[in-house]
Each structure stands twice: as structure tokens, then as C-alpha cells.
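Student: To be precise about what I am sending: the file is called data.cif and holds mmCIF, N, CA and C atoms.
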data_run
loop_
_atom_site.label_atom_id
_atom_site.label_comp_id
_atom_site.auth_asym_id
_atom_site.auth_seq_id
_atom_site.Cartn_x
_atom_site.Cartn_y
_atom_site.Cartn_z
N MET A 3 22.56 -35.90 -27.39
CA MET A 3 23.37 -34.72 -27.57
C MET A 3 22.64 -33.67 -28.40
N ALA A 4 21.36 -33.79 -28.57
CA ALA A 4 20.61 -32.85 -29.38
C ALA A 4 20.66 -31.45 -28.78
N ASN A 5 20.75 -30.47 -29.65
CA ASN A 5 20.76 -29.05 -29.27
C ASN A 5 21.96 -28.64 -28.42
N GLU A 6 23.01 -29.41 -28.42
CA GLU A 6 24.21 -29.04 -27.66
C GLU A 6 25.17 -28.31 -28.60
N ALA A 7 25.71 -27.19 -28.14
CA ALA A 7 26.64 -26.42 -28.97
C ALA A 7 27.89 -27.25 -29.20
N ARG A 8 28.15 -27.59 -30.44
CA ARG A 8 29.31 -28.38 -30.80
C ARG A 8 30.52 -27.48 -31.03
N GLU A 9 30.26 -26.36 -31.68
CA GLU A 9 31.32 -25.40 -31.99
C GLU A 9 30.79 -23.99 -31.78
N LYS A 10 31.75 -23.08 -31.56
CA LYS A 10 31.42 -21.65 -31.54
C LYS A 10 32.42 -20.97 -32.46
N HIS A 11 31.89 -20.10 -33.30
CA HIS A 11 32.70 -19.38 -34.27
C HIS A 11 32.54 -17.89 -34.02
N LEU A 12 33.59 -17.16 -34.27
CA LEU A 12 33.53 -15.71 -34.23
C LEU A 12 33.16 -15.26 -35.64
N LEU A 13 32.10 -14.49 -35.78
CA LEU A 13 31.67 -13.98 -37.08
C LEU A 13 31.87 -12.47 -37.08
N ALA A 14 32.54 -11.97 -38.11
CA ALA A 14 32.80 -10.53 -38.23
C ALA A 14 32.39 -10.06 -39.60
N GLY A 15 32.09 -8.77 -39.70
CA GLY A 15 31.73 -8.18 -40.98
C GLY A 15 31.11 -6.81 -40.79
N LEU A 16 30.37 -6.39 -41.80
CA LEU A 16 29.64 -5.13 -41.76
C LEU A 16 28.16 -5.42 -41.81
N ASP A 17 27.39 -4.74 -40.93
CA ASP A 17 25.94 -4.96 -40.94
C ASP A 17 25.29 -4.17 -42.06
N GLU A 18 23.97 -4.19 -42.12
CA GLU A 18 23.24 -3.54 -43.22
C GLU A 18 23.43 -2.03 -43.25
N ARG A 19 23.91 -1.45 -42.15
CA ARG A 19 24.17 -0.01 -42.11
C ARG A 19 25.68 0.28 -42.19
N ALA A 20 26.44 -0.71 -42.65
CA ALA A 20 27.90 -0.61 -42.84
C ALA A 20 28.65 -0.36 -41.54
N ARG A 21 28.10 -0.85 -40.41
CA ARG A 21 28.79 -0.79 -39.13
C ARG A 21 29.50 -2.11 -38.91
N GLY A 22 30.75 -2.04 -38.45
CA GLY A 22 31.48 -3.25 -38.15
C GLY A 22 30.89 -3.98 -36.95
N PHE A 23 30.90 -5.31 -37.00
CA PHE A 23 30.42 -6.09 -35.86
C PHE A 23 31.21 -7.37 -35.75
N THR A 24 31.23 -7.92 -34.55
CA THR A 24 31.82 -9.23 -34.26
C THR A 24 30.92 -9.89 -33.23
N ARG A 25 30.44 -11.09 -33.55
CA ARG A 25 29.57 -11.82 -32.65
C ARG A 25 29.91 -13.30 -32.68
N MET A 26 29.55 -14.00 -31.61
CA MET A 26 29.73 -15.45 -31.56
C MET A 26 28.54 -16.12 -32.25
N VAL A 27 28.85 -17.17 -32.99
CA VAL A 27 27.85 -18.00 -33.65
C VAL A 27 27.95 -19.39 -33.05
N SER A 28 26.84 -19.91 -32.60
CA SER A 28 26.81 -21.27 -32.07
C SER A 28 26.42 -22.24 -33.18
N VAL A 29 27.14 -23.34 -33.26
CA VAL A 29 26.78 -24.40 -34.20
C VAL A 29 26.35 -25.59 -33.35
N GLU A 30 25.08 -25.93 -33.48
CA GLU A 30 24.52 -27.03 -32.69
C GLU A 30 24.29 -28.24 -33.57
N GLN A 31 24.51 -29.39 -32.99
CA GLN A 31 24.24 -30.64 -33.70
C GLN A 31 22.86 -31.12 -33.28
N GLN A 32 22.05 -31.46 -34.27
CA GLN A 32 20.71 -31.98 -34.02
C GLN A 32 20.58 -33.27 -34.82
N ALA A 33 20.68 -34.38 -34.12
CA ALA A 33 20.71 -35.71 -34.76
C ALA A 33 21.90 -35.76 -35.71
N GLU A 34 21.65 -35.87 -37.01
CA GLU A 34 22.73 -35.97 -38.00
C GLU A 34 22.99 -34.65 -38.72
N THR A 35 22.35 -33.58 -38.29
CA THR A 35 22.51 -32.29 -38.98
C THR A 35 23.07 -31.23 -38.03
N PHE A 36 23.47 -30.12 -38.63
CA PHE A 36 24.04 -29.00 -37.88
C PHE A 36 23.26 -27.74 -38.22
N ARG A 37 23.18 -26.85 -37.24
CA ARG A 37 22.47 -25.59 -37.41
C ARG A 37 23.27 -24.49 -36.73
N ALA A 38 23.49 -23.38 -37.46
CA ALA A 38 24.22 -22.23 -36.93
C ALA A 38 23.23 -21.12 -36.59
N SER A 39 23.48 -20.42 -35.48
CA SER A 39 22.58 -19.32 -35.10
C SER A 39 23.39 -18.13 -34.61
N LEU A 40 22.87 -16.95 -34.95
CA LEU A 40 23.50 -15.69 -34.61
C LEU A 40 22.46 -14.75 -34.04
N GLN A 41 22.78 -14.13 -32.91
CA GLN A 41 21.96 -13.06 -32.33
C GLN A 41 22.75 -11.78 -32.46
N TYR A 42 22.20 -10.80 -33.20
CA TYR A 42 22.86 -9.51 -33.37
C TYR A 42 21.81 -8.43 -33.17
N GLU A 43 21.97 -7.65 -32.11
CA GLU A 43 20.98 -6.65 -31.71
C GLU A 43 19.61 -7.33 -31.64
N THR A 44 18.63 -6.89 -32.42
CA THR A 44 17.30 -7.51 -32.36
C THR A 44 17.14 -8.62 -33.40
N LEU A 45 18.16 -8.87 -34.18
CA LEU A 45 18.11 -9.85 -35.26
C LEU A 45 18.55 -11.22 -34.76
N LEU A 46 17.76 -12.23 -35.06
CA LEU A 46 18.13 -13.62 -34.80
C LEU A 46 18.11 -14.33 -36.15
N VAL A 47 19.25 -14.87 -36.55
CA VAL A 47 19.35 -15.58 -37.83
C VAL A 47 19.77 -17.00 -37.53
N VAL A 48 19.05 -17.96 -38.13
CA VAL A 48 19.33 -19.38 -37.94
C VAL A 48 19.45 -20.02 -39.32
N SER A 49 20.47 -20.83 -39.49
CA SER A 49 20.68 -21.49 -40.79
C SER A 49 19.70 -22.65 -40.95
N MET A 50 19.64 -23.13 -42.16
CA MET A 50 18.92 -24.37 -42.45
C MET A 50 19.74 -25.51 -41.85
N ASP A 51 19.12 -26.66 -41.66
CA ASP A 51 19.87 -27.84 -41.25
C ASP A 51 20.86 -28.19 -42.34
N ALA A 52 22.09 -28.51 -41.96
CA ALA A 52 23.15 -28.79 -42.93
C ALA A 52 23.91 -30.05 -42.54
N ASP A 53 24.66 -30.57 -43.49
CA ASP A 53 25.42 -31.80 -43.27
C ASP A 53 26.68 -31.60 -42.46
N SER A 54 27.15 -30.34 -42.36
CA SER A 54 28.40 -30.08 -41.64
C SER A 54 28.33 -28.68 -41.01
N PRO A 55 29.16 -28.43 -40.02
CA PRO A 55 29.22 -27.08 -39.46
C PRO A 55 29.58 -26.03 -40.52
N ALA A 56 30.49 -26.37 -41.44
CA ALA A 56 30.89 -25.41 -42.49
C ALA A 56 29.71 -25.06 -43.39
N ALA A 57 28.89 -26.05 -43.73
CA ALA A 57 27.72 -25.79 -44.58
C ALA A 57 26.69 -24.95 -43.83
N ALA A 58 26.54 -25.19 -42.54
CA ALA A 58 25.60 -24.39 -41.74
C ALA A 58 26.06 -22.94 -41.67
N LEU A 59 27.36 -22.72 -41.49
CA LEU A 59 27.90 -21.36 -41.46
C LEU A 59 27.75 -20.67 -42.81
N ALA A 60 27.97 -21.40 -43.89
CA ALA A 60 27.82 -20.83 -45.23
C ALA A 60 26.37 -20.41 -45.47
N ASP A 61 25.42 -21.21 -45.00
CA ASP A 61 24.01 -20.84 -45.15
C ASP A 61 23.67 -19.62 -44.30
N LEU A 62 24.22 -19.56 -43.11
CA LEU A 62 24.01 -18.39 -42.25
C LEU A 62 24.56 -17.13 -42.92
N ALA A 63 25.75 -17.23 -43.51
CA ALA A 63 26.34 -16.08 -44.22
C ALA A 63 25.46 -15.68 -45.40
N ARG A 64 24.92 -16.65 -46.13
CA ARG A 64 24.03 -16.35 -47.27
C ARG A 64 22.81 -15.59 -46.80
N ARG A 65 22.24 -16.02 -45.68
CA ARG A 65 21.06 -15.33 -45.13
C ARG A 65 21.39 -13.91 -44.70
N LEU A 66 22.57 -13.72 -44.13
CA LEU A 66 22.99 -12.37 -43.74
C LEU A 66 23.25 -11.50 -44.97
N HIS A 67 23.86 -12.08 -46.00
CA HIS A 67 24.07 -11.34 -47.25
C HIS A 67 22.74 -10.85 -47.81
N GLU A 68 21.71 -11.69 -47.74
CA GLU A 68 20.39 -11.31 -48.24
C GLU A 68 19.81 -10.11 -47.49
N GLN A 69 20.26 -9.90 -46.27
CA GLN A 69 19.77 -8.78 -45.47
C GLN A 69 20.71 -7.57 -45.53
N GLY A 70 21.70 -7.62 -46.42
CA GLY A 70 22.57 -6.48 -46.63
C GLY A 70 23.89 -6.51 -45.87
N TYR A 71 24.21 -7.60 -45.21
CA TYR A 71 25.48 -7.72 -44.50
C TYR A 71 26.58 -8.05 -45.51
N THR A 72 27.77 -7.50 -45.29
CA THR A 72 28.86 -7.70 -46.24
C THR A 72 30.17 -8.00 -45.50
N GLN A 73 31.17 -8.36 -46.27
CA GLN A 73 32.53 -8.64 -45.78
C GLN A 73 32.53 -9.63 -44.61
N LEU A 74 31.73 -10.66 -44.73
CA LEU A 74 31.59 -11.63 -43.65
C LEU A 74 32.74 -12.63 -43.64
N ARG A 75 33.18 -12.98 -42.43
CA ARG A 75 34.19 -14.00 -42.24
C ARG A 75 34.00 -14.61 -40.87
N SER A 76 34.41 -15.86 -40.74
CA SER A 76 34.27 -16.54 -39.45
C SER A 76 35.55 -17.28 -39.11
N ARG A 77 35.69 -17.56 -37.81
CA ARG A 77 36.85 -18.31 -37.32
C ARG A 77 36.38 -19.19 -36.17
N LEU A 78 36.75 -20.46 -36.23
CA LEU A 78 36.45 -21.39 -35.16
C LEU A 78 37.16 -20.94 -33.89
N THR A 79 36.39 -20.78 -32.81
CA THR A 79 36.95 -20.29 -31.55
C THR A 79 36.87 -21.34 -30.45
N PHE A 80 35.77 -22.10 -30.41
CA PHE A 80 35.59 -23.18 -29.44
C PHE A 80 35.22 -24.45 -30.20
N ALA A 81 35.88 -25.54 -29.90
CA ALA A 81 35.52 -26.86 -30.43
C ALA A 81 35.26 -27.75 -29.24
N GLY A 82 34.01 -28.17 -29.08
CA GLY A 82 33.64 -28.89 -27.86
C GLY A 82 33.82 -27.94 -26.69
N GLY A 83 34.61 -28.30 -25.73
CA GLY A 83 34.88 -27.41 -24.60
C GLY A 83 36.26 -26.77 -24.67
N THR A 84 36.94 -26.92 -25.80
CA THR A 84 38.30 -26.42 -25.93
C THR A 84 38.32 -25.04 -26.58
N TYR A 85 38.95 -24.09 -25.90
CA TYR A 85 39.11 -22.74 -26.44
C TYR A 85 40.31 -22.72 -27.36
N LEU A 86 40.09 -22.27 -28.61
CA LEU A 86 41.16 -22.26 -29.61
C LEU A 86 41.73 -20.87 -29.84
N GLY A 87 41.07 -19.86 -29.29
CA GLY A 87 41.56 -18.49 -29.46
C GLY A 87 41.62 -18.11 -30.92
N SER A 88 42.76 -17.60 -31.34
CA SER A 88 42.92 -17.17 -32.73
C SER A 88 43.81 -18.12 -33.51
N GLN A 89 43.86 -19.39 -33.08
CA GLN A 89 44.71 -20.38 -33.75
C GLN A 89 44.19 -20.76 -35.14
N GLU A 90 42.89 -20.76 -35.30
CA GLU A 90 42.29 -21.21 -36.56
C GLU A 90 42.25 -20.07 -37.58
N PRO A 91 42.33 -20.39 -38.87
CA PRO A 91 42.29 -19.34 -39.90
C PRO A 91 40.87 -18.80 -40.11
N TRP A 92 40.79 -17.59 -40.62
CA TRP A 92 39.50 -17.00 -40.97
C TRP A 92 38.98 -17.67 -42.24
N VAL A 93 37.67 -17.85 -42.30
CA VAL A 93 36.99 -18.33 -43.50
C VAL A 93 36.19 -17.15 -44.04
N GLU A 94 36.47 -16.77 -45.29
CA GLU A 94 35.81 -15.63 -45.92
C GLU A 94 34.56 -16.09 -46.66
N TYR A 95 33.50 -15.30 -46.61
CA TYR A 95 32.26 -15.55 -47.35
C TYR A 95 32.09 -14.40 -48.33
N ALA A 96 32.40 -14.68 -49.59
CA ALA A 96 32.39 -13.63 -50.62
C ALA A 96 31.02 -12.97 -50.72
N ASP A 97 31.04 -11.65 -50.84
CA ASP A 97 29.79 -10.91 -51.04
C ASP A 97 29.20 -11.31 -52.38
N PRO A 98 27.88 -11.44 -52.45
CA PRO A 98 27.26 -11.78 -53.73
C PRO A 98 27.43 -10.65 -54.73
N GLU A 99 27.50 -11.02 -55.99
CA GLU A 99 27.57 -10.02 -57.06
C GLU A 99 26.23 -9.30 -57.11
N ARG A 100 26.30 -8.00 -57.13
CA ARG A 100 25.08 -7.19 -57.20
C ARG A 100 24.77 -6.87 -58.65
N MET A 101 23.53 -7.12 -59.03
CA MET A 101 23.08 -6.75 -60.36
C MET A 101 22.81 -5.26 -60.35
N PRO A 102 23.16 -4.56 -61.44
CA PRO A 102 22.84 -3.13 -61.47
C PRO A 102 21.33 -2.96 -61.40
N GLU A 103 20.92 -1.98 -60.64
CA GLU A 103 19.49 -1.74 -60.50
C GLU A 103 18.92 -1.29 -61.83
N THR A 104 17.76 -1.81 -62.17
CA THR A 104 17.13 -1.49 -63.44
C THR A 104 16.90 0.00 -63.57
N GLU A 105 16.42 0.62 -62.51
CA GLU A 105 16.15 2.06 -62.55
C GLU A 105 17.44 2.84 -62.79
N GLY A 106 18.53 2.45 -62.13
CA GLY A 106 19.80 3.13 -62.32
C GLY A 106 20.33 2.95 -63.73
N TRP A 107 20.20 1.74 -64.29
CA TRP A 107 20.64 1.47 -65.65
C TRP A 107 19.81 2.26 -66.64
N LEU A 108 18.50 2.27 -66.45
CA LEU A 108 17.60 2.99 -67.35
C LEU A 108 17.87 4.49 -67.29
N PHE A 109 18.07 5.00 -66.09
CA PHE A 109 18.37 6.43 -65.94
C PHE A 109 19.67 6.78 -66.66
N GLY A 110 20.69 5.92 -66.52
CA GLY A 110 21.96 6.15 -67.20
C GLY A 110 21.81 6.16 -68.71
N LEU A 111 21.01 5.25 -69.24
CA LEU A 111 20.75 5.21 -70.67
C LEU A 111 20.04 6.48 -71.13
N MET A 112 19.02 6.90 -70.38
CA MET A 112 18.28 8.12 -70.75
C MET A 112 19.21 9.34 -70.72
N ARG A 113 20.11 9.38 -69.75
CA ARG A 113 21.04 10.50 -69.65
C ARG A 113 21.98 10.53 -70.85
N ARG A 114 22.47 9.35 -71.25
CA ARG A 114 23.36 9.30 -72.43
C ARG A 114 22.62 9.73 -73.69
N ILE A 115 21.36 9.31 -73.84
CA ILE A 115 20.57 9.72 -75.01
C ILE A 115 20.34 11.22 -74.98
N TRP A 116 20.01 11.76 -73.81
CA TRP A 116 19.80 13.21 -73.67
C TRP A 116 21.05 13.99 -74.08
N ARG A 117 22.20 13.53 -73.60
CA ARG A 117 23.46 14.20 -73.95
C ARG A 117 23.72 14.14 -75.45
N MET A 118 23.39 12.98 -76.04
CA MET A 118 23.60 12.83 -77.46
C MET A 118 22.76 13.88 -78.23
N PHE A 119 21.51 14.05 -77.87
CA PHE A 119 20.65 15.01 -78.54
C PHE A 119 21.04 16.44 -78.26
N THR A 120 21.45 16.74 -77.03
CA THR A 120 21.83 18.12 -76.72
C THR A 120 23.14 18.50 -77.38
N LEU A 121 24.05 17.57 -77.58
CA LEU A 121 25.30 17.85 -78.29
C LEU A 121 25.03 18.11 -79.76
N TRP A 122 24.12 17.32 -80.35
CA TRP A 122 23.80 17.49 -81.77
C TRP A 122 23.09 18.82 -82.03
N SER A 123 22.26 19.22 -81.10
CA SER A 123 21.52 20.47 -81.32
C SER A 123 22.43 21.70 -81.20
N GLY A 124 23.59 21.53 -80.57
CA GLY A 124 24.51 22.66 -80.42
C GLY A 124 25.37 22.90 -81.66
N ASP A 125 25.40 21.98 -82.60
CA ASP A 125 26.24 22.14 -83.81
C ASP A 125 25.60 23.03 -84.82
#
Output the structure of this file as C-alpha cells.
Tutor:
Amino acid sequence: MANEAREKHLLAGLDERARGFTRMVSVEQQAETFRASLQYETLLVVSMDADSPAAALADLARRLHEQGYTQLRSRLTFAGGTYLGSQEPWVEYADPERMPETEGWLFGLMRRIWRMFTLWSGD
């Protein structure tokens, strides 16, 4: 049963240019592991081998987050050969916390210092 699609999930979110998208993700079983793959425009993203379909999808979402994708969620649509439609609940993949950019933080600090000096010189 190697390389046979075990499940198909609908993946939705915003791409790196903040455009909404919805694509099917195949979860294939390979021996004792699972791998999720997504084709979106020219991008092909494949998860690491994982112990479960859920872990493979989580890794796929992490890889997409690294490329600037946000608001990701998935829903099981096919299990084996059975179509589930919208019966299954959405699984949300929280966007990673973004660290403030060093340049932006430094610029903000310099601006505050500048304002401090310009206010003092006006007295």
C-alpha cells in the first residue's frame, strides 16, 4: 500500500501575497509513516515523514508558515474512498508569533530619542 493516498484534506488560508486559496492535500502512507503534499501554483510542499496524518498536516502547515502563508486550516474530505464533504470540523494551524524586526525596533527607538531631544530644545 506504499504511496497510496490514505486521506485527502481541504487546506485553506492566505498565501504569501495575502490571496485566499483552497487546495486539496493528499496524505499518503509509506510503510509506517505518513506524508502530506500540496501543489499550489508552482509551489510543491511536502511534509516530513510523520507518525500520523495529523502530524504530517501540522508539519506541512509549519512549512507553509515559513514561506509566509497565514490563517491556515484543514478539513478531512476523503477517507479511503469515502467522500465526507463538509462533515468533519476544520483544524486550525495558528500563525507563528512574529518577532519585531530589529531594524523596525531600532528605528522606533531612534525616533523616540530624536523626539525627546527636539522637545527639550524647544523649551
Student: So that I can check the surroundings of A:Met50, please list as a list in words every protein, DNA and RNA residue that reaches within 8 Å of it, counting all atoms listed in the file and ignoring chain neighbours fewer than 5 positions away.
Tutor: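 Selected residues are Thr35, Phe36, Arg37, Ala38, Ala57, Ala58, Leu59, Ala60, Asp61 and Leu62 of chain A.
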Student: Determine the residue set returned by the PyMOL selection byres ((chain A and resi 28) around 5) for the present structure, and present it as a PyMOL selection string.
Tutor: chain A and resi 9-10+26-27+29-30+38-39
Student: Residues within 8 Å of A:Glu34, please, as a list in words. Count only N, CA and C atoms; anything in the same chain fewer than 4 positions from it doesn't count.
Tutor: Asp51, Ala52, Asp53 and Ser54 of chain A
Student: Check what the PyMOL selection byres ((chain A and resi 97) around 6.5) selects in the file above and give those residues as a ChimeraX atom specification.
Tutor: /A:72-74,95-96,98-100
Student: Select all residues near (26.2, -5.1, -32.0) (cut-off 6 Å, inclusive, file coordinates), counting all atoms listed in the file, and output them as a list in words.
Tutor: Phe23, Tyr42 and Glu43 of chain A
Student: Which residues, named as in the file, does the PyMOL selection byres ((chain A and resi 24) around 8) pick out? Answer as a tab-separated table (two decimals) with N, CA and C atoms, in the coordinates of the input.
Tutor:
chain	number	residue	atom	x	y	z
A	12	LEU	N	33.59	-17.16	-34.27
A	12	LEU	CA	33.53	-15.71	-34.23
A	12	LEU	C	33.16	-15.26	-35.64
A	13	LEU	N	32.10	-14.49	-35.78
A	13	LEU	CA	31.67	-13.98	-37.08
A	13	LEU	C	31.87	-12.47	-37.08
A	14	ALA	N	32.54	-11.97	-38.11
A	14	ALA	CA	32.80	-10.53	-38.23
A	14	ALA	C	32.39	-10.06	-39.60
A	15	GLY	N	32.09	-8.77	-39.70
A	15	GLY	CA	31.73	-8.18	-40.98
A	15	GLY	C	31.11	-6.81	-40.79
A	16	LEU	N	30.37	-6.39	-41.80
A	16	LEU	CA	29.64	-5.13	-41.76
A	16	LEU	C	28.16	-5.42	-41.81
A	21	ARG	N	28.10	-0.85	-40.41
A	21	ARG	CA	28.79	-0.79	-39.13
A	21	ARG	C	29.50	-2.11	-38.91
A	22	GLY	N	30.75	-2.04	-38.45
A	22	GLY	CA	31.48	-3.25	-38.15
A	22	GLY	C	30.89	-3.98	-36.95
A	23	PHE	N	30.90	-5.31	-37.00
A	23	PHE	CA	30.42	-6.09	-35.86
A	23	PHE	C	31.21	-7.37	-35.75
A	25	ARG	N	30.44	-11.09	-33.55
A	25	ARG	CA	29.57	-11.82	-32.65
A	25	ARG	C	29.91	-13.30	-32.68
A	26	MET	N	29.55	-14.00	-31.61
A	26	MET	CA	29.73	-15.45	-31.56
A	26	MET	C	28.54	-16.12	-32.25
A	27	VAL	N	28.85	-17.17	-32.99
A	27	VAL	CA	27.85	-18.00	-33.65
A	27	VAL	C	27.95	-19.39	-33.05
Student: What is the atom CA of A:Arg19-atom CA of A:Leu46 distance in Å, reported with one decimal?
Tutor: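 Computing it gives 16.6 Å between the two atoms.
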